[in-house]
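Worksheet: the structure to be examined is printed underneath.
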Amino acid sequence: MTSHIMPTYNRLPVTFERGEGAWLFDEHNNRFLDALSGIAVCNLGHAHPAVHSAICEQSKKLLHTSNVYRIANQELLADKLIEKSGMDNVFFCNSGAEANEAAIKLARKYGHEKGIEYPAIIVMDKSFHGRTLATLSATGNSKVQQGFAPLVEGFVRVPYNDINAIKEALVQNKNIVAILVEPIQGEGGINIPAADYLNRIRGLCDQHGLLMMLDEIQTGIGRTGKFLAFQHNNIIPDVCTLAKALGNGVPIGACLAWGKAARLLTTGNHGSTFGGNPLACSAALAVLATLDKENLIELARQKGQTICDGFNERLQGNKHIVDIRNKGLMIGIELDSPCAGLVKSALEQHLLINVTNETTIRLLPPLIIDEQQIRLLVDTLSALIIEYTEKTAQETLP
Ligand SMILES: *Cc1c(COP(=O)(O)O)cnc(C)c1O
């Protein structure tokens, strides 16, 4: 039993012992299809040989030395991330929340250097940025904040995908120094904004001298069919945060900065004992090399399309489907009523999915998912959705 673990999670009654690509196996050797990837973490699937051998080899040499010294893997990883993102430099940490903490500190420093004593950051409704005090204060979900007041000050909230709301906030508050936003909201329900939303935010940030800060913790590392989601828009943000899939399961986070934002933090301003250690960086280097070697980012785009075409075909005419939407392998199927119960029904069929924002089925399959597994995912989940919507339809009959 888990009685000595704080009950902070609502766990499903299953324990996995090993994995192989998109498969997970429980202790009785039952096989499950993983369409969640440990919440967008294992983008290369489970037990990928490149990651496995990288961390095996590195662990024979050195796990940790601290940032008191130079770290070759960290320097190599920074070079790769800068090359692939077009940004200028990077701070390494160990999680998404920590990456966003670094971004929030950057924005505050930027404000103070402009002579603004109480700098504020625009954040969005339904956003998710983490569980530390500053990042839960930035998060647009009252459940995440409930019970933890006083919150960190300096956040101004506006609706997502609403440029006019940002403009209004800028008129009303002269202390705004940055905008923090997810290119697609993950926890908030796979919310995909207008195609030019990020471009217009970039324009407003340029016009008003604000930092454009993108939380790419869920969208990054190939998930949406580009290495980073902002690359669909041909822009560069001032700050971009990464974590989740960067280490394919080995904890690592990163805060990337560009231009003026890259010059803000100086010696003594920030730090992390574990951040960018030799082991974590060896995993991330293997991840980046494998994305290219196996052409996984291009494949994510194609596979996302195949999966959504499959669902559109199977679920055609079902009145309870509000929307099927995706960017690459970040997929949402929105129903017209709460559907959290589907997670358990899927588990019984040995399929791992997730539901966010109560009514949206969230699929984040690994980028290495193959054709047969895609067919299994579409077949199994479509049947479950049809069964579920027929049942709820019956229950709501007069
Ligand atoms: C998961 C997530 C975070 C938090 O990452 P942790 O590693 O859990 O701290 C922040 N932002 C987004 C968009 C996320 O999906």
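Letters for chains follow the order of the structure tokens (A, B, ...), residue numbers begin at 1 for each chain, and ligand numbers begin at 1 in the order shown.
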- prompt: Using only C-alpha atoms and all ligand atoms, which protein or nucleic acid residues are at most 9 Å from ligand 1, as a ChimeraX atom specification?
  reply: /A:39-40,94-100,127-132,135,139,181-187,215-219,241-244,251-253
I need the chosen residues saved as a short mmCIF file (atom, residue, chain, number, x, y, z; two decimals), in the first residue's frame, with N, CA and C atoms.
```cif
data_model
loop_
_atom_site.label_atom_id
_atom_site.label_comp_id
_atom_site.auth_asym_id
_atom_site.auth_seq_id
_atom_site.Cartn_x
_atom_site.Cartn_y
_atom_site.Cartn_z
N ILE A 39 2.82 11.81 -19.38
CA ILE A 39 2.47 13.23 -19.58
C ILE A 39 3.53 13.96 -20.41
N ALA A 40 3.63 13.54 -21.66
CA ALA A 40 4.52 14.21 -22.64
C ALA A 40 5.99 14.18 -22.26
N ASN A 94 15.84 21.42 -13.07
CA ASN A 94 15.45 20.00 -12.97
C ASN A 94 13.99 19.70 -13.22
N SER A 95 13.20 20.72 -13.51
CA SER A 95 11.76 20.49 -13.70
C SER A 95 11.15 21.67 -14.45
N GLY A 96 9.89 21.50 -14.82
CA GLY A 96 9.18 22.56 -15.50
C GLY A 96 8.95 23.77 -14.60
N ALA A 97 8.48 23.50 -13.40
CA ALA A 97 8.21 24.61 -12.48
C ALA A 97 9.48 25.43 -12.25
N GLU A 98 10.59 24.75 -12.11
CA GLU A 98 11.86 25.48 -11.91
C GLU A 98 12.25 26.30 -13.13
N ALA A 99 11.98 25.76 -14.31
CA ALA A 99 12.29 26.52 -15.53
C ALA A 99 11.44 27.79 -15.56
N ASN A 100 10.16 27.67 -15.18
CA ASN A 100 9.29 28.85 -15.15
C ASN A 100 9.69 29.81 -14.03
N SER A 127 -4.29 28.47 -17.77
CA SER A 127 -2.89 28.10 -17.99
C SER A 127 -2.43 27.15 -16.90
N PHE A 128 -1.33 26.46 -17.16
CA PHE A 128 -0.67 25.68 -16.11
C PHE A 128 0.83 25.91 -16.20
N HIS A 129 1.43 26.34 -15.09
CA HIS A 129 2.86 26.63 -15.11
C HIS A 129 3.63 25.92 -14.01
N GLY A 130 2.95 25.14 -13.15
CA GLY A 130 3.67 24.39 -12.13
C GLY A 130 3.07 24.56 -10.75
N ARG A 131 3.73 23.95 -9.75
CA ARG A 131 3.17 23.85 -8.40
C ARG A 131 4.00 24.55 -7.33
N THR A 132 5.09 25.21 -7.71
CA THR A 132 5.80 26.02 -6.72
C THR A 132 4.98 27.27 -6.47
N THR A 135 4.89 29.67 -9.49
CA THR A 135 4.27 29.11 -10.70
C THR A 135 2.80 28.76 -10.47
N THR A 139 -0.41 30.18 -12.53
CA THR A 139 -1.35 29.22 -13.12
C THR A 139 -2.79 29.73 -13.06
N VAL A 181 3.01 32.66 -21.66
CA VAL A 181 1.90 31.95 -22.31
C VAL A 181 2.35 30.62 -22.88
N GLU A 182 1.44 29.64 -22.87
CA GLU A 182 1.72 28.36 -23.53
C GLU A 182 1.30 28.46 -25.01
N PRO A 183 2.11 27.98 -25.94
CA PRO A 183 1.73 28.02 -27.36
C PRO A 183 0.45 27.23 -27.62
N ILE A 184 0.26 26.13 -26.89
CA ILE A 184 -1.00 25.39 -26.84
C ILE A 184 -1.19 25.05 -25.37
N GLN A 185 -2.38 25.29 -24.82
CA GLN A 185 -2.58 24.94 -23.41
C GLN A 185 -2.78 23.43 -23.28
N GLY A 186 -1.94 22.81 -22.47
CA GLY A 186 -2.01 21.36 -22.28
C GLY A 186 -3.00 20.97 -21.20
N GLU A 187 -2.66 21.28 -19.95
CA GLU A 187 -3.54 20.94 -18.83
C GLU A 187 -4.90 21.62 -18.99
N ASP A 215 5.96 29.15 -22.38
CA ASP A 215 6.09 27.90 -21.62
C ASP A 215 5.88 26.75 -22.61
N GLU A 216 7.00 26.17 -23.05
CA GLU A 216 6.97 25.05 -24.02
C GLU A 216 7.27 23.72 -23.32
N ILE A 217 6.95 23.68 -22.04
CA ILE A 217 7.27 22.47 -21.26
C ILE A 217 6.52 21.26 -21.79
N GLN A 218 5.28 21.47 -22.25
CA GLN A 218 4.51 20.35 -22.80
C GLN A 218 4.58 20.31 -24.34
N THR A 219 4.67 21.48 -24.97
CA THR A 219 4.63 21.54 -26.44
C THR A 219 5.99 21.28 -27.08
N THR A 241 10.69 28.14 -21.93
CA THR A 241 11.00 27.15 -20.90
C THR A 241 10.70 25.74 -21.39
N LEU A 242 11.58 24.81 -21.01
CA LEU A 242 11.49 23.40 -21.41
C LEU A 242 11.66 22.52 -20.18
N ALA A 243 11.12 21.32 -20.26
CA ALA A 243 11.40 20.28 -19.25
C ALA A 243 10.88 18.97 -19.83
N LYS A 244 9.88 18.39 -19.20
CA LYS A 244 9.23 17.14 -19.64
C LYS A 244 10.06 16.27 -20.59
N PRO A 251 15.06 13.65 -15.11
CA PRO A 251 14.60 15.02 -14.82
C PRO A 251 15.61 16.08 -15.27
N ILE A 252 15.14 16.98 -16.12
CA ILE A 252 15.94 18.13 -16.53
C ILE A 252 15.00 19.21 -17.04
N GLY A 253 15.29 20.45 -16.70
CA GLY A 253 14.52 21.59 -17.19
C GLY A 253 15.49 22.61 -17.75
#
```
Enumerate as a PDB file with C-alpha atoms, in the first residue's frame all residues of region 16-254 of chain A assigned to strand (DSSP E) by DSSP on the backbone, naming them with the chain letters and numbers the document uses.
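The new file part27.pdb reads:
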```
ATOM      1  CA  PHE A  16       4.260  -0.748 -14.368  1.00  0.00           C
ATOM      2  CA  GLU A  17       7.439  -2.732 -14.199  1.00  0.00           C
ATOM      3  CA  ARG A  18       9.013  -2.193 -17.584  1.00  0.00           C
ATOM      4  CA  GLY A  19       8.436  -0.545 -20.935  1.00  0.00           C
ATOM      5  CA  GLU A  20       9.362  -0.990 -24.537  1.00  0.00           C
ATOM      6  CA  TRP A  23       4.208  -0.422 -24.575  1.00  0.00           C
ATOM      7  CA  LEU A  24       4.179  -0.642 -20.795  1.00  0.00           C
ATOM      8  CA  PHE A  25       4.029  -3.945 -18.885  1.00  0.00           C
ATOM      9  CA  ASP A  26       2.603  -4.420 -15.395  1.00  0.00           C
ATOM     10  CA  ARG A  31       0.744  -5.163 -21.942  1.00  0.00           C
ATOM     11  CA  PHE A  32      -0.692  -1.603 -22.127  1.00  0.00           C
ATOM     12  CA  LEU A  33      -0.540   0.878 -25.004  1.00  0.00           C
ATOM     13  CA  ASP A  34       0.802   4.166 -23.680  1.00  0.00           C
ATOM     14  CA  ASN A  89      21.657  31.052 -24.008  1.00  0.00           C
ATOM     15  CA  VAL A  90      20.211  28.727 -21.413  1.00  0.00           C
ATOM     16  CA  PHE A  91      19.927  28.110 -17.667  1.00  0.00           C
ATOM     17  CA  PHE A  92      19.543  24.453 -16.640  1.00  0.00           C
ATOM     18  CA  CYS A  93      17.363  23.193 -13.792  1.00  0.00           C
ATOM     19  CA  ALA A 120       3.882  42.429 -13.351  1.00  0.00           C
ATOM     20  CA  ILE A 121       3.541  39.559 -15.819  1.00  0.00           C
ATOM     21  CA  ILE A 122       0.465  38.888 -17.957  1.00  0.00           C
ATOM     22  CA  VAL A 123      -0.684  35.250 -17.616  1.00  0.00           C
ATOM     23  CA  MET A 124      -3.683  33.388 -19.051  1.00  0.00           C
ATOM     24  CA  PHE A 155       0.505  38.442 -12.160  1.00  0.00           C
ATOM     25  CA  VAL A 156      -2.272  39.951 -14.278  1.00  0.00           C
ATOM     26  CA  ARG A 157      -4.690  37.414 -15.736  1.00  0.00           C
ATOM     27  CA  VAL A 158      -6.436  37.642 -19.113  1.00  0.00           C
ATOM     28  CA  ILE A 176       3.594  45.009 -17.036  1.00  0.00           C
ATOM     29  CA  VAL A 177       7.009  43.797 -18.191  1.00  0.00           C
ATOM     30  CA  ALA A 178       6.317  40.382 -19.723  1.00  0.00           C
ATOM     31  CA  ILE A 179       3.711  37.992 -21.130  1.00  0.00           C
ATOM     32  CA  LEU A 180       3.923  34.308 -20.112  1.00  0.00           C
ATOM     33  CA  VAL A 181       1.897  31.954 -22.306  1.00  0.00           C
ATOM     34  CA  LEU A 211       9.476  40.036 -22.689  1.00  0.00           C
ATOM     35  CA  MET A 212       7.606  37.356 -24.631  1.00  0.00           C
ATOM     36  CA  MET A 213       7.939  34.227 -22.487  1.00  0.00           C
ATOM     37  CA  LEU A 214       6.713  30.894 -23.846  1.00  0.00           C
ATOM     38  CA  ASP A 215       6.086  27.905 -21.621  1.00  0.00           C
ATOM     39  CA  VAL A 239      12.289  33.452 -23.096  1.00  0.00           C
ATOM     40  CA  CYS A 240      11.294  29.807 -23.601  1.00  0.00           C
ATOM     41  CA  THR A 241      10.998  27.148 -20.905  1.00  0.00           C
ATOM     42  CA  LEU A 242      11.488  23.403 -21.405  1.00  0.00           C
ATOM     43  CA  GLY A 253      14.522  21.588 -17.192  1.00  0.00           C
ATOM     44  CA  ALA A 254      15.820  24.561 -19.143  1.00  0.00           C
TER      45      ALA A 254
END
```
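Of the listed residues A:Ala50, A:Tyr118, A:Asp336, A:Leu367, the one whose atoms come nearest to Asn173 (chain A) is A:Tyr118, with distances taken using only C-alpha atoms.
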- request: Rank nothing, just name the residue among A:Asp379, A:Leu384, A:Lys226, A:Asn191 nearest to Asp323 (chain A), using only C-alpha atoms.
  value: A:Asn191
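Counting only C-alpha atoms and comparing A:Ile5, A:Leu81, A:Leu376, A:Cys205, the residue that lies closest to Gln349 (chain A) is A:Leu376.
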message: Considering only alpha helix (DSSP H) as DSSP defines it on the backbone, what residues of region 158-392 of chain A qualify? List them as a PyMOL selection string.
response: chain A and resi 163-172+197-208+278-293+296-314+341-348+371-392
field: Residue nearest Glu298 (chain A) among A:His270, A:Arg314, A:His28, A:Arg223 (counting only C-alpha atoms)
entry: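 That would be A:Arg223, the residue with the smallest distance to Glu298 (chain A).
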- request: Give me the residues within 12 Å of Asp292 (chain A) as a PyMOL selection string, counting only C-alpha atoms and dropping any in the same chain fewer than 3 places off.
  value: chain A and resi 44+80+84+221-222+226-227+285-289+295-299
Those selected residues, please, written with N, CA, C and O atoms and delivered as a PDB file, in the first residue's frame.
```pdb
ATOM      1  N   LEU A  44      10.359   9.600 -26.825  1.00  0.00           N
ATOM      2  CA  LEU A  44      11.045   8.546 -27.587  1.00  0.00           C
ATOM      3  C   LEU A  44      10.558   7.170 -27.156  1.00  0.00           C
ATOM      4  O   LEU A  44      11.167   6.157 -27.505  1.00  0.00           O
ATOM      5  N   LYS A  80      23.587  22.650 -28.557  1.00  0.00           N
ATOM      6  CA  LYS A  80      22.550  21.980 -29.366  1.00  0.00           C
ATOM      7  C   LYS A  80      21.215  22.702 -29.259  1.00  0.00           C
ATOM      8  O   LYS A  80      20.507  22.895 -30.258  1.00  0.00           O
ATOM      9  N   LYS A  84      19.198  24.546 -32.272  1.00  0.00           N
ATOM     10  CA  LYS A  84      17.891  24.080 -32.723  1.00  0.00           C
ATOM     11  C   LYS A  84      16.772  25.101 -32.479  1.00  0.00           C
ATOM     12  O   LYS A  84      15.726  25.016 -33.099  1.00  0.00           O
ATOM     13  N   ILE A 221      10.131  19.938 -27.768  1.00  0.00           N
ATOM     14  CA  ILE A 221      10.880  18.695 -28.061  1.00  0.00           C
ATOM     15  C   ILE A 221      10.131  17.813 -29.066  1.00  0.00           C
ATOM     16  O   ILE A 221      10.019  16.597 -28.904  1.00  0.00           O
ATOM     17  N   GLY A 222       9.602  18.467 -30.124  1.00  0.00           N
ATOM     18  CA  GLY A 222       9.066  17.723 -31.263  1.00  0.00           C
ATOM     19  C   GLY A 222       7.600  17.365 -31.190  1.00  0.00           C
ATOM     20  O   GLY A 222       7.007  16.968 -32.194  1.00  0.00           O
ATOM     21  N   LYS A 226       7.138  20.429 -34.753  1.00  0.00           N
ATOM     22  CA  LYS A 226       8.334  21.282 -34.857  1.00  0.00           C
ATOM     23  C   LYS A 226       9.128  21.021 -33.595  1.00  0.00           C
ATOM     24  O   LYS A 226       8.555  20.591 -32.588  1.00  0.00           O
ATOM     25  N   PHE A 227      10.438  21.345 -33.608  1.00  0.00           N
ATOM     26  CA  PHE A 227      11.194  21.124 -32.384  1.00  0.00           C
ATOM     27  C   PHE A 227      10.547  21.903 -31.235  1.00  0.00           C
ATOM     28  O   PHE A 227      10.289  21.357 -30.157  1.00  0.00           O
ATOM     29  N   LEU A 285      21.125  15.014 -24.426  1.00  0.00           N
ATOM     30  CA  LEU A 285      21.908  14.981 -25.678  1.00  0.00           C
ATOM     31  C   LEU A 285      21.468  13.795 -26.546  1.00  0.00           C
ATOM     32  O   LEU A 285      21.329  13.921 -27.769  1.00  0.00           O
ATOM     33  N   ALA A 286      21.223  12.661 -25.908  1.00  0.00           N
ATOM     34  CA  ALA A 286      20.764  11.476 -26.653  1.00  0.00           C
ATOM     35  C   ALA A 286      19.379  11.725 -27.244  1.00  0.00           C
ATOM     36  O   ALA A 286      19.092  11.321 -28.376  1.00  0.00           O
ATOM     37  N   VAL A 287      18.516  12.403 -26.488  1.00  0.00           N
ATOM     38  CA  VAL A 287      17.169  12.714 -26.983  1.00  0.00           C
ATOM     39  C   VAL A 287      17.259  13.568 -28.247  1.00  0.00           C
ATOM     40  O   VAL A 287      16.644  13.261 -29.278  1.00  0.00           O
ATOM     41  N   LEU A 288      18.045  14.637 -28.185  1.00  0.00           N
ATOM     42  CA  LEU A 288      18.118  15.552 -29.327  1.00  0.00           C
ATOM     43  C   LEU A 288      18.713  14.855 -30.550  1.00  0.00           C
ATOM     44  O   LEU A 288      18.231  15.017 -31.676  1.00  0.00           O
ATOM     45  N   ALA A 289      19.745  14.045 -30.336  1.00  0.00           N
ATOM     46  CA  ALA A 289      20.371  13.328 -31.457  1.00  0.00           C
ATOM     47  C   ALA A 289      19.375  12.343 -32.078  1.00  0.00           C
ATOM     48  O   ALA A 289      19.300  12.215 -33.308  1.00  0.00           O
ATOM     49  N   ASN A 295      14.203  11.086 -37.546  1.00  0.00           N
ATOM     50  CA  ASN A 295      13.258  11.990 -38.221  1.00  0.00           C
ATOM     51  C   ASN A 295      11.920  12.087 -37.479  1.00  0.00           C
ATOM     52  O   ASN A 295      10.847  12.171 -38.080  1.00  0.00           O
ATOM     53  N   LEU A 296      11.977  12.086 -36.151  1.00  0.00           N
ATOM     54  CA  LEU A 296      10.762  11.934 -35.352  1.00  0.00           C
ATOM     55  C   LEU A 296       9.858  13.165 -35.372  1.00  0.00           C
ATOM     56  O   LEU A 296       8.647  13.047 -35.182  1.00  0.00           O
ATOM     57  N   ILE A 297      10.444  14.334 -35.614  1.00  0.00           N
ATOM     58  CA  ILE A 297       9.623  15.547 -35.551  1.00  0.00           C
ATOM     59  C   ILE A 297       8.693  15.608 -36.760  1.00  0.00           C
ATOM     60  O   ILE A 297       7.495  15.863 -36.628  1.00  0.00           O
ATOM     61  N   GLU A 298       9.253  15.325 -37.936  1.00  0.00           N
ATOM     62  CA  GLU A 298       8.431  15.254 -39.155  1.00  0.00           C
ATOM     63  C   GLU A 298       7.370  14.151 -38.997  1.00  0.00           C
ATOM     64  O   GLU A 298       6.201  14.325 -39.351  1.00  0.00           O
ATOM     65  N   LEU A 299       7.790  13.026 -38.435  1.00  0.00           N
ATOM     66  CA  LEU A 299       6.853  11.910 -38.248  1.00  0.00           C
ATOM     67  C   LEU A 299       5.728  12.270 -37.279  1.00  0.00           C
ATOM     68  O   LEU A 299       4.600  11.813 -37.445  1.00  0.00           O
TER      69      LEU A 299
END
```
Shell of 12 Å around Glu313 (chain A), only C-alpha atoms, local chain residues under 4 positions omitted, as a ChimeraX atom specification: /A:306-309,317-318,324,378-379,382
Write a file of the selected residues as a short mmCIF file (atom, residue, chain, number, x, y, z; two decimals), in the first residue's frame, keeping N, CA and C atoms.
```cif
data_model
loop_
_atom_site.label_atom_id
_atom_site.label_comp_id
_atom_site.auth_asym_id
_atom_site.auth_seq_id
_atom_site.Cartn_x
_atom_site.Cartn_y
_atom_site.Cartn_z
N THR A 306 -2.68 11.27 -39.12
CA THR A 306 -3.27 9.94 -39.29
C THR A 306 -4.24 9.62 -38.15
N ILE A 307 -3.80 9.91 -36.93
CA ILE A 307 -4.64 9.60 -35.76
C ILE A 307 -5.93 10.41 -35.81
N CYS A 308 -5.83 11.70 -36.10
CA CYS A 308 -7.04 12.53 -36.10
C CYS A 308 -7.96 12.17 -37.26
N ASP A 309 -7.38 11.84 -38.43
CA ASP A 309 -8.21 11.36 -39.54
C ASP A 309 -8.98 10.12 -39.10
N GLY A 317 -20.43 12.18 -37.22
CA GLY A 317 -21.86 12.22 -36.95
C GLY A 317 -22.23 12.03 -35.48
N ASN A 318 -21.25 11.74 -34.63
CA ASN A 318 -21.54 11.59 -33.20
C ASN A 318 -21.78 12.98 -32.60
N ILE A 324 -12.44 17.66 -32.45
CA ILE A 324 -11.23 16.82 -32.45
C ILE A 324 -10.12 17.72 -32.97
N VAL A 378 -6.75 4.14 -32.16
CA VAL A 378 -7.96 4.71 -32.77
C VAL A 378 -9.15 3.75 -32.59
N ASP A 379 -8.92 2.45 -32.86
CA ASP A 379 -10.01 1.47 -32.74
C ASP A 379 -10.54 1.39 -31.31
N SER A 382 -12.07 4.88 -30.04
CA SER A 382 -13.33 5.23 -30.73
C SER A 382 -14.47 4.39 -30.18
#
```
